[in-house]
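Participant: Sending over model_35.txt (compact mmCIF, N, CA and C atoms).
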# COMPACT_ATOMS: atom_id res chain seq x y z
N MET A 106 15.86 18.48 7.38
CA MET A 106 14.68 17.69 7.14
C MET A 106 13.62 18.49 6.35
N ASP A 107 13.53 19.79 6.66
CA ASP A 107 12.57 20.63 5.93
C ASP A 107 12.88 20.66 4.45
N GLU A 108 14.17 20.63 4.10
CA GLU A 108 14.57 20.63 2.70
C GLU A 108 14.09 19.36 2.00
N LEU A 109 14.22 18.22 2.68
CA LEU A 109 13.76 16.96 2.12
C LEU A 109 12.24 16.98 1.90
N ALA A 110 11.51 17.48 2.87
CA ALA A 110 10.05 17.57 2.74
C ALA A 110 9.68 18.53 1.61
N GLY A 111 10.41 19.63 1.50
CA GLY A 111 10.15 20.58 0.42
C GLY A 111 10.40 19.97 -0.94
N ASP A 112 11.50 19.21 -1.06
CA ASP A 112 11.79 18.53 -2.32
C ASP A 112 10.70 17.53 -2.66
N PHE A 113 10.27 16.77 -1.66
CA PHE A 113 9.20 15.80 -1.89
C PHE A 113 7.95 16.50 -2.41
N GLN A 114 7.55 17.56 -1.73
CA GLN A 114 6.33 18.28 -2.12
C GLN A 114 6.47 18.97 -3.47
N ARG A 115 7.66 19.30 -3.85
CA ARG A 115 7.88 19.93 -5.16
C ARG A 115 7.60 18.93 -6.28
N TYR A 116 7.95 17.68 -6.06
CA TYR A 116 7.86 16.67 -7.11
C TYR A 116 6.64 15.75 -7.00
N PHE A 117 6.10 15.63 -5.80
CA PHE A 117 5.03 14.65 -5.59
C PHE A 117 3.87 15.25 -4.81
N GLU A 118 2.72 14.61 -4.98
CA GLU A 118 1.50 15.02 -4.27
C GLU A 118 0.83 13.76 -3.72
N ILE A 119 0.38 13.83 -2.49
CA ILE A 119 -0.36 12.72 -1.88
C ILE A 119 -1.84 12.99 -2.09
N VAL A 120 -2.53 11.98 -2.62
CA VAL A 120 -3.95 12.11 -2.95
C VAL A 120 -4.72 11.04 -2.18
N ALA A 121 -5.72 11.45 -1.42
CA ALA A 121 -6.58 10.48 -0.72
C ALA A 121 -7.42 9.75 -1.77
N ALA A 122 -7.32 8.44 -1.78
CA ALA A 122 -8.10 7.64 -2.74
C ALA A 122 -9.44 7.33 -2.10
N ASN A 123 -10.30 8.33 -2.09
CA ASN A 123 -11.57 8.23 -1.36
C ASN A 123 -12.79 8.16 -2.28
N THR A 124 -12.58 7.79 -3.52
CA THR A 124 -13.69 7.56 -4.44
C THR A 124 -13.48 6.19 -5.09
N PRO A 125 -14.54 5.60 -5.63
CA PRO A 125 -14.35 4.31 -6.32
C PRO A 125 -13.32 4.40 -7.45
N ALA A 126 -13.32 5.48 -8.21
CA ALA A 126 -12.37 5.62 -9.32
C ALA A 126 -10.93 5.69 -8.82
N LEU A 127 -10.69 6.42 -7.74
CA LEU A 127 -9.34 6.51 -7.21
C LEU A 127 -8.89 5.20 -6.57
N ARG A 128 -9.82 4.48 -5.93
CA ARG A 128 -9.47 3.17 -5.38
C ARG A 128 -9.10 2.20 -6.51
N ARG A 129 -9.79 2.28 -7.63
CA ARG A 129 -9.41 1.44 -8.79
C ARG A 129 -7.99 1.77 -9.25
N GLU A 130 -7.61 3.04 -9.19
CA GLU A 130 -6.23 3.42 -9.51
C GLU A 130 -5.25 2.72 -8.56
N VAL A 131 -5.59 2.69 -7.28
CA VAL A 131 -4.75 2.00 -6.29
C VAL A 131 -4.60 0.53 -6.67
N PHE A 132 -5.73 -0.12 -6.96
CA PHE A 132 -5.71 -1.55 -7.25
C PHE A 132 -4.96 -1.85 -8.56
N ARG A 133 -5.07 -0.94 -9.54
CA ARG A 133 -4.32 -1.12 -10.80
C ARG A 133 -2.81 -0.96 -10.56
N LEU A 134 -2.45 0.02 -9.74
CA LEU A 134 -1.03 0.20 -9.41
C LEU A 134 -0.48 -1.02 -8.68
N ARG A 135 -1.24 -1.54 -7.73
CA ARG A 135 -0.79 -2.72 -7.00
C ARG A 135 -0.63 -3.90 -7.95
N TYR A 136 -1.55 -4.06 -8.88
CA TYR A 136 -1.44 -5.14 -9.87
C TYR A 136 -0.18 -4.96 -10.70
N GLN A 137 0.06 -3.74 -11.17
CA GLN A 137 1.25 -3.47 -11.98
C GLN A 137 2.51 -3.84 -11.22
N VAL A 138 2.62 -3.39 -9.97
CA VAL A 138 3.85 -3.61 -9.20
C VAL A 138 3.95 -5.05 -8.72
N TYR A 139 2.91 -5.56 -8.06
CA TYR A 139 3.01 -6.88 -7.41
C TYR A 139 2.88 -8.05 -8.39
N ALA A 140 2.07 -7.91 -9.43
CA ALA A 140 1.87 -9.03 -10.36
C ALA A 140 2.77 -8.90 -11.59
N GLN A 141 2.78 -7.73 -12.23
CA GLN A 141 3.53 -7.59 -13.47
C GLN A 141 5.02 -7.35 -13.26
N GLU A 142 5.37 -6.42 -12.38
CA GLU A 142 6.78 -6.05 -12.24
C GLU A 142 7.56 -6.99 -11.34
N LEU A 143 7.01 -7.32 -10.18
CA LEU A 143 7.75 -8.12 -9.20
C LEU A 143 7.40 -9.60 -9.22
N GLY A 144 6.24 -9.95 -9.78
CA GLY A 144 5.83 -11.35 -9.84
C GLY A 144 5.45 -11.96 -8.50
N TRP A 145 5.10 -11.13 -7.54
CA TRP A 145 4.70 -11.64 -6.22
C TRP A 145 3.30 -12.21 -6.24
N GLU A 146 2.48 -11.74 -7.14
CA GLU A 146 1.10 -12.23 -7.29
C GLU A 146 0.95 -12.81 -8.68
N GLN A 147 0.07 -13.79 -8.81
CA GLN A 147 -0.21 -14.39 -10.11
C GLN A 147 -1.16 -13.49 -10.89
N GLN A 148 -0.78 -13.11 -12.10
CA GLN A 148 -1.63 -12.24 -12.91
C GLN A 148 -2.99 -12.86 -13.17
N THR A 149 -3.05 -14.18 -13.29
CA THR A 149 -4.32 -14.85 -13.59
C THR A 149 -5.32 -14.75 -12.44
N GLN A 150 -4.85 -14.44 -11.23
CA GLN A 150 -5.76 -14.26 -10.09
C GLN A 150 -6.57 -12.97 -10.21
N PHE A 151 -6.12 -12.07 -11.05
CA PHE A 151 -6.73 -10.74 -11.15
C PHE A 151 -7.02 -10.42 -12.61
N PRO A 152 -8.00 -11.10 -13.20
CA PRO A 152 -8.26 -10.93 -14.64
C PRO A 152 -8.67 -9.51 -15.02
N ASN A 153 -9.14 -8.73 -14.04
CA ASN A 153 -9.53 -7.35 -14.34
C ASN A 153 -8.35 -6.38 -14.22
N GLY A 154 -7.14 -6.91 -13.90
CA GLY A 154 -5.97 -6.05 -13.79
C GLY A 154 -5.95 -5.19 -12.54
N GLU A 155 -6.67 -5.62 -11.50
CA GLU A 155 -6.71 -4.89 -10.23
C GLU A 155 -6.39 -5.86 -9.10
N GLU A 156 -5.31 -5.64 -8.38
CA GLU A 156 -4.92 -6.50 -7.26
C GLU A 156 -5.67 -6.05 -6.02
N THR A 157 -6.47 -6.94 -5.47
CA THR A 157 -7.25 -6.66 -4.27
C THR A 157 -7.14 -7.84 -3.31
N ASP A 158 -7.50 -7.61 -2.05
CA ASP A 158 -7.55 -8.71 -1.09
C ASP A 158 -8.65 -8.46 -0.06
N ILE A 159 -8.78 -9.39 0.87
CA ILE A 159 -9.89 -9.35 1.83
C ILE A 159 -9.80 -8.19 2.81
N ASN A 160 -8.66 -7.53 2.89
CA ASN A 160 -8.51 -6.42 3.83
C ASN A 160 -8.86 -5.06 3.25
N ASP A 161 -9.07 -5.00 1.96
CA ASP A 161 -9.36 -3.70 1.33
C ASP A 161 -10.66 -3.05 1.80
N PRO A 162 -11.74 -3.81 2.05
CA PRO A 162 -12.96 -3.13 2.50
C PRO A 162 -12.82 -2.38 3.82
N ARG A 163 -11.84 -2.74 4.64
CA ARG A 163 -11.66 -2.04 5.93
C ARG A 163 -10.41 -1.16 5.91
N SER A 164 -10.06 -0.67 4.73
CA SER A 164 -8.83 0.10 4.57
C SER A 164 -9.10 1.48 4.00
N ALA A 165 -8.17 2.37 4.27
CA ALA A 165 -8.12 3.70 3.65
C ALA A 165 -6.88 3.71 2.76
N PHE A 166 -6.94 4.45 1.67
CA PHE A 166 -5.88 4.41 0.66
C PHE A 166 -5.39 5.80 0.30
N CYS A 167 -4.12 5.87 -0.07
CA CYS A 167 -3.54 7.09 -0.62
C CYS A 167 -2.78 6.74 -1.89
N LEU A 168 -2.79 7.67 -2.81
CA LEU A 168 -2.01 7.57 -4.03
C LEU A 168 -0.89 8.60 -3.99
N LEU A 169 0.18 8.30 -4.68
CA LEU A 169 1.28 9.24 -4.85
C LEU A 169 1.28 9.66 -6.31
N ARG A 170 1.16 10.97 -6.54
CA ARG A 170 1.12 11.48 -7.91
C ARG A 170 2.38 12.30 -8.19
N HIS A 171 2.96 12.04 -9.34
CA HIS A 171 4.12 12.80 -9.82
C HIS A 171 3.58 14.11 -10.41
N ARG A 172 3.97 15.21 -9.84
CA ARG A 172 3.40 16.51 -10.23
C ARG A 172 3.66 16.85 -11.70
N ALA A 173 4.86 16.61 -12.18
CA ALA A 173 5.22 17.02 -13.55
C ALA A 173 4.38 16.31 -14.60
N THR A 174 4.07 15.04 -14.36
CA THR A 174 3.33 14.27 -15.36
C THR A 174 1.87 14.03 -14.97
N GLN A 175 1.51 14.35 -13.72
CA GLN A 175 0.18 14.07 -13.18
C GLN A 175 -0.14 12.57 -13.19
N ARG A 176 0.88 11.77 -13.22
CA ARG A 176 0.74 10.30 -13.26
C ARG A 176 0.79 9.74 -11.83
N TYR A 177 -0.11 8.79 -11.54
CA TYR A 177 -0.05 8.09 -10.26
C TYR A 177 1.09 7.10 -10.32
N ILE A 178 1.99 7.18 -9.34
CA ILE A 178 3.19 6.35 -9.38
C ILE A 178 3.35 5.44 -8.17
N GLY A 179 2.50 5.60 -7.18
CA GLY A 179 2.61 4.79 -5.98
C GLY A 179 1.34 4.83 -5.17
N CYS A 180 1.28 3.93 -4.18
CA CYS A 180 0.10 3.87 -3.33
C CYS A 180 0.45 3.19 -2.00
N VAL A 181 -0.44 3.32 -1.06
CA VAL A 181 -0.31 2.69 0.25
C VAL A 181 -1.72 2.57 0.84
N ARG A 182 -1.87 1.62 1.78
CA ARG A 182 -3.16 1.52 2.46
C ARG A 182 -2.94 1.45 3.96
N LEU A 183 -3.98 1.83 4.68
CA LEU A 183 -4.04 1.69 6.13
C LEU A 183 -5.19 0.76 6.44
N VAL A 184 -4.88 -0.43 6.93
CA VAL A 184 -5.90 -1.40 7.32
C VAL A 184 -6.33 -1.06 8.74
N MET A 185 -7.63 -0.92 8.94
CA MET A 185 -8.18 -0.56 10.25
C MET A 185 -8.99 -1.72 10.81
N VAL A 186 -9.38 -1.57 12.05
CA VAL A 186 -10.18 -2.60 12.68
C VAL A 186 -11.50 -2.76 11.92
N ASP A 187 -11.95 -3.99 11.79
CA ASP A 187 -13.24 -4.26 11.17
C ASP A 187 -14.32 -3.92 12.18
N PRO A 188 -15.15 -2.91 11.92
CA PRO A 188 -16.14 -2.50 12.92
C PRO A 188 -17.18 -3.57 13.22
N ASP A 189 -17.42 -4.48 12.28
CA ASP A 189 -18.40 -5.54 12.49
C ASP A 189 -17.81 -6.74 13.25
N VAL A 190 -16.53 -6.98 13.04
CA VAL A 190 -15.86 -8.13 13.67
C VAL A 190 -14.51 -7.65 14.16
N SER A 191 -14.49 -7.06 15.35
CA SER A 191 -13.25 -6.43 15.82
C SER A 191 -12.13 -7.44 16.07
N ALA A 192 -12.43 -8.71 16.12
CA ALA A 192 -11.39 -9.72 16.32
C ALA A 192 -10.75 -10.19 15.01
N THR A 193 -11.20 -9.63 13.88
CA THR A 193 -10.60 -9.99 12.60
C THR A 193 -9.11 -9.63 12.64
N PRO A 194 -8.23 -10.59 12.34
CA PRO A 194 -6.80 -10.29 12.44
C PRO A 194 -6.33 -9.32 11.36
N PHE A 195 -5.30 -8.58 11.71
CA PHE A 195 -4.64 -7.73 10.73
C PHE A 195 -3.77 -8.62 9.85
N PRO A 196 -3.42 -8.16 8.65
CA PRO A 196 -2.59 -8.98 7.76
C PRO A 196 -1.27 -9.45 8.40
N PHE A 197 -0.63 -8.59 9.20
CA PHE A 197 0.64 -9.00 9.81
C PHE A 197 0.45 -10.16 10.77
N GLU A 198 -0.72 -10.23 11.43
CA GLU A 198 -0.98 -11.33 12.35
C GLU A 198 -1.06 -12.66 11.61
N VAL A 199 -1.69 -12.62 10.45
CA VAL A 199 -1.81 -13.82 9.63
C VAL A 199 -0.45 -14.23 9.09
N ALA A 200 0.28 -13.26 8.54
CA ALA A 200 1.59 -13.55 7.94
C ALA A 200 2.59 -14.06 8.98
N ALA A 201 2.56 -13.48 10.17
CA ALA A 201 3.51 -13.86 11.22
C ALA A 201 3.00 -15.01 12.07
N GLN A 202 1.77 -15.41 11.83
CA GLN A 202 1.13 -16.47 12.60
C GLN A 202 1.18 -16.16 14.10
N VAL A 203 0.78 -14.93 14.41
CA VAL A 203 0.73 -14.47 15.80
C VAL A 203 -0.73 -14.53 16.25
N SER A 204 -0.96 -15.07 17.42
CA SER A 204 -2.34 -15.18 17.90
C SER A 204 -2.74 -13.89 18.62
N ALA A 205 -4.04 -13.66 18.69
CA ALA A 205 -4.58 -12.50 19.40
C ALA A 205 -4.19 -12.56 20.86
N ASP A 206 -4.15 -13.76 21.44
CA ASP A 206 -3.76 -13.90 22.85
C ASP A 206 -2.31 -13.47 23.07
N GLU A 207 -1.42 -13.83 22.13
CA GLU A 207 -0.02 -13.43 22.25
C GLU A 207 0.11 -11.91 22.19
N LEU A 208 -0.64 -11.28 21.30
CA LEU A 208 -0.59 -9.83 21.18
C LEU A 208 -1.20 -9.16 22.41
N ALA A 209 -2.30 -9.71 22.91
CA ALA A 209 -2.96 -9.13 24.08
C ALA A 209 -2.05 -9.16 25.30
N ALA A 210 -1.17 -10.15 25.36
CA ALA A 210 -0.23 -10.23 26.48
C ALA A 210 0.79 -9.10 26.43
N SER A 211 1.06 -8.58 25.24
CA SER A 211 2.04 -7.51 25.08
C SER A 211 1.42 -6.11 25.10
N TYR A 212 0.14 -6.02 24.83
CA TYR A 212 -0.53 -4.73 24.72
C TYR A 212 -1.75 -4.71 25.63
N THR A 213 -2.46 -3.61 25.62
CA THR A 213 -3.70 -3.54 26.40
C THR A 213 -4.76 -4.41 25.74
N ALA A 214 -5.76 -4.76 26.48
CA ALA A 214 -6.81 -5.66 25.97
C ALA A 214 -7.52 -5.07 24.76
N ASP A 215 -7.62 -3.77 24.69
CA ASP A 215 -8.35 -3.14 23.58
C ASP A 215 -7.42 -2.58 22.51
N TRP A 216 -6.21 -3.10 22.40
CA TRP A 216 -5.23 -2.58 21.45
C TRP A 216 -5.76 -2.52 20.04
N ARG A 217 -6.57 -3.50 19.67
CA ARG A 217 -7.08 -3.59 18.31
C ARG A 217 -7.98 -2.40 17.95
N GLU A 218 -8.62 -1.82 18.94
CA GLU A 218 -9.53 -0.70 18.69
C GLU A 218 -8.79 0.57 18.25
N VAL A 219 -7.51 0.67 18.60
CA VAL A 219 -6.75 1.87 18.27
C VAL A 219 -5.61 1.59 17.29
N ALA A 220 -5.49 0.35 16.85
CA ALA A 220 -4.38 -0.04 15.99
C ALA A 220 -4.77 0.03 14.52
N GLY A 221 -3.78 0.08 13.68
CA GLY A 221 -3.95 -0.01 12.25
C GLY A 221 -2.68 -0.59 11.67
N GLU A 222 -2.73 -1.00 10.41
CA GLU A 222 -1.55 -1.57 9.76
C GLU A 222 -1.34 -0.89 8.42
N ILE A 223 -0.16 -0.35 8.23
CA ILE A 223 0.21 0.20 6.93
C ILE A 223 0.76 -0.94 6.10
N SER A 224 0.18 -1.13 4.92
CA SER A 224 0.65 -2.22 4.07
C SER A 224 0.35 -1.92 2.61
N ARG A 225 0.76 -2.84 1.76
CA ARG A 225 0.57 -2.73 0.32
C ARG A 225 1.16 -1.44 -0.23
N VAL A 226 2.36 -1.11 0.25
CA VAL A 226 3.09 0.04 -0.28
C VAL A 226 3.64 -0.38 -1.64
N ALA A 227 3.37 0.40 -2.65
CA ALA A 227 3.84 0.06 -4.00
C ALA A 227 4.28 1.33 -4.72
N VAL A 228 5.41 1.23 -5.43
CA VAL A 228 5.93 2.30 -6.27
C VAL A 228 6.32 1.67 -7.60
N ILE A 229 5.87 2.27 -8.70
CA ILE A 229 6.16 1.69 -10.01
C ILE A 229 7.65 1.72 -10.31
N SER A 230 8.10 0.81 -11.17
CA SER A 230 9.53 0.64 -11.43
C SER A 230 10.19 1.89 -11.99
N ASP A 231 9.47 2.72 -12.73
CA ASP A 231 10.07 3.95 -13.27
C ASP A 231 10.61 4.86 -12.17
N PHE A 232 10.08 4.72 -10.96
CA PHE A 232 10.49 5.56 -9.84
C PHE A 232 11.28 4.79 -8.79
N ARG A 233 11.62 3.55 -9.10
CA ARG A 233 12.58 2.77 -8.30
C ARG A 233 13.85 2.71 -9.12
N ARG A 234 14.51 3.84 -9.28
CA ARG A 234 15.53 3.91 -10.31
C ARG A 234 16.95 4.15 -9.86
N ARG A 235 17.22 4.09 -8.57
CA ARG A 235 18.63 4.19 -8.19
C ARG A 235 19.34 2.95 -8.70
N THR A 236 20.59 3.06 -8.98
CA THR A 236 21.37 1.96 -9.55
C THR A 236 21.15 0.68 -8.75
N GLY A 237 20.75 -0.37 -9.46
CA GLY A 237 20.56 -1.66 -8.83
C GLY A 237 19.25 -1.85 -8.10
N GLU A 238 18.38 -0.83 -8.07
CA GLU A 238 17.14 -0.92 -7.30
C GLU A 238 15.89 -1.03 -8.16
N ARG A 239 15.98 -0.80 -9.43
CA ARG A 239 14.79 -0.71 -10.27
C ARG A 239 13.90 -1.94 -10.16
N ASP A 240 14.49 -3.12 -10.10
CA ASP A 240 13.70 -4.34 -10.02
C ASP A 240 13.62 -4.92 -8.63
N ALA A 241 14.06 -4.17 -7.63
CA ALA A 241 14.03 -4.63 -6.25
C ALA A 241 12.93 -3.93 -5.49
N ALA A 242 12.17 -4.67 -4.71
CA ALA A 242 11.12 -4.08 -3.91
C ALA A 242 11.67 -3.47 -2.64
N VAL A 243 12.73 -4.06 -2.10
CA VAL A 243 13.35 -3.60 -0.85
C VAL A 243 14.85 -3.54 -1.08
N THR A 244 15.49 -2.53 -0.50
CA THR A 244 16.93 -2.40 -0.66
C THR A 244 17.62 -2.42 0.70
N ASP A 245 18.93 -2.54 0.69
CA ASP A 245 19.72 -2.58 1.91
C ASP A 245 20.04 -1.20 2.46
N VAL A 246 19.83 -0.17 1.67
CA VAL A 246 20.22 1.19 2.05
C VAL A 246 19.24 1.78 3.03
Written as structure tokens, that's how I'd like the structure from this file.

Facilitator:
Amino acid sequence: MDELAGDFQRYFEIVAANTPALRREVFRLRYQVYAQELGWEQQTQFPNGEETDINDPRSAFCLLRHRATQRYIGCVRLVMVDPDVSATPFPFEVAAQVSADELAASYTADWREVAGEISRVAVISDFRRRTGERDAAVTDV
């Protein structure tokens, strides 16, 4: 496992997208992958070329940079509890149509205070290059 981590660190760098400029890089990458490459989002919804949604203000972001080219090639976000409205659902709750009551029955009453959701993982097609995977967002392997 250490060899895999070493290989990853040799070729890639994780960058905290903690400035407005770096967050714009995240949103541009998401637009490229989700709207242009995969067609999951309508390009016309994002005339500025940045894919964003209602969960971004309560999220933290990371970029993946290819060391050799210094090019940003991927991104991910962590959606956290909304400090102003702690009952705001996470994206998975909306997508799965799961109610807060159903989740509360499975977890502690304050689960939302310590939970987060990793989402909007995107990697540009140049780096989705194993045979048969370049245009696929998810693979069977």

Participant: Can you work out the spacing between atom N of Val226 (chain A) and atom N of Thr213 (chain A) in Å, to one decimal?

Facilitator: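 Value for the atom N of Val226 (chain A)-atom N of Thr213 (chain A) distance: 25.9 Å.
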
Participant: Considering only C-alpha atoms, state which residue in the set A:Ala201, A:Ala126, A:Val184, A:Leu134 is at the smallest distance from Ile159 (chain A).

Facilitator: A:Val184

Participant: Between atom C of Pro125 (chain A) and CA of Gly179 (chain A), what is the distance, to one decimal in Å?

Facilitator: 16.0 Å

Participant: One decimal, in Å: what's the spacing between CA of Pro196 (chain A) and atom C of Asn160 (chain A)?

Facilitator: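 Straight-line distance from CA of Pro196 (chain A) to atom C of Asn160 (chain A) works out to 8.7 Å.
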
Participant: For Ile229 (chain A), which of A:Gln114, A:Thr124, A:Gln137, A:Ser211 is the closest residue, counting only N, CA and C atoms?

Facilitator: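 Closest candidate: A:Gln137.
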
Participant: Identify which of the residues A:Leu127, A:Cys180, A:Val186, A:Val138 lies closest to Gly221 (chain A), counting only C-alpha atoms when measuring atom-to-atom distances.

Facilitator: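 Answer, going by the shortest atom-to-atom distance: A:Val186.
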
Participant: Hey, can I get the axis-aligned box for region 154-170 of chain A? All listed atoms, 5 Å padding on each side, centre and edge lengths in Å to one decimal, as JSON.

Facilitator:
{"center_x": -5.3, "center_y": 1.5, "center_z": -4.0, "size_x": 25.3, "size_y": 31.7, "size_z": 29.8}

Participant: Quick check for you: according to DSSP on this backbone, which residues of chain A are classed as strand (DSSP E)? Reply as a count of residues only.

Facilitator: 31

Participant: Write out as an MDAnalysis selection string each polymer residue whose atoms come within 8 Å of Ala140 (chain A), counting only N, CA and C atoms; drop sequence neighbours fewer than 6 positions from it.

Facilitator: chainID A and resid 134 146:149 156

Participant: Would you list, as JSON, numbers by chain, the residues of region 109-225 of chain A that end up in helix (DSSP H, G or I) under DSSP run on this structure's backbone?

Facilitator: {"A": [109, 110, 111, 112, 113, 114, 115, 116, 125, 126, 127, 128, 129, 130, 131, 132, 133, 134, 135, 136, 137, 138, 139, 140, 141, 142, 148, 149, 150, 161, 162, 163, 196, 197, 198, 199, 200, 201, 205, 206, 207, 208, 209, 210, 211, 216, 217, 218, 219]}
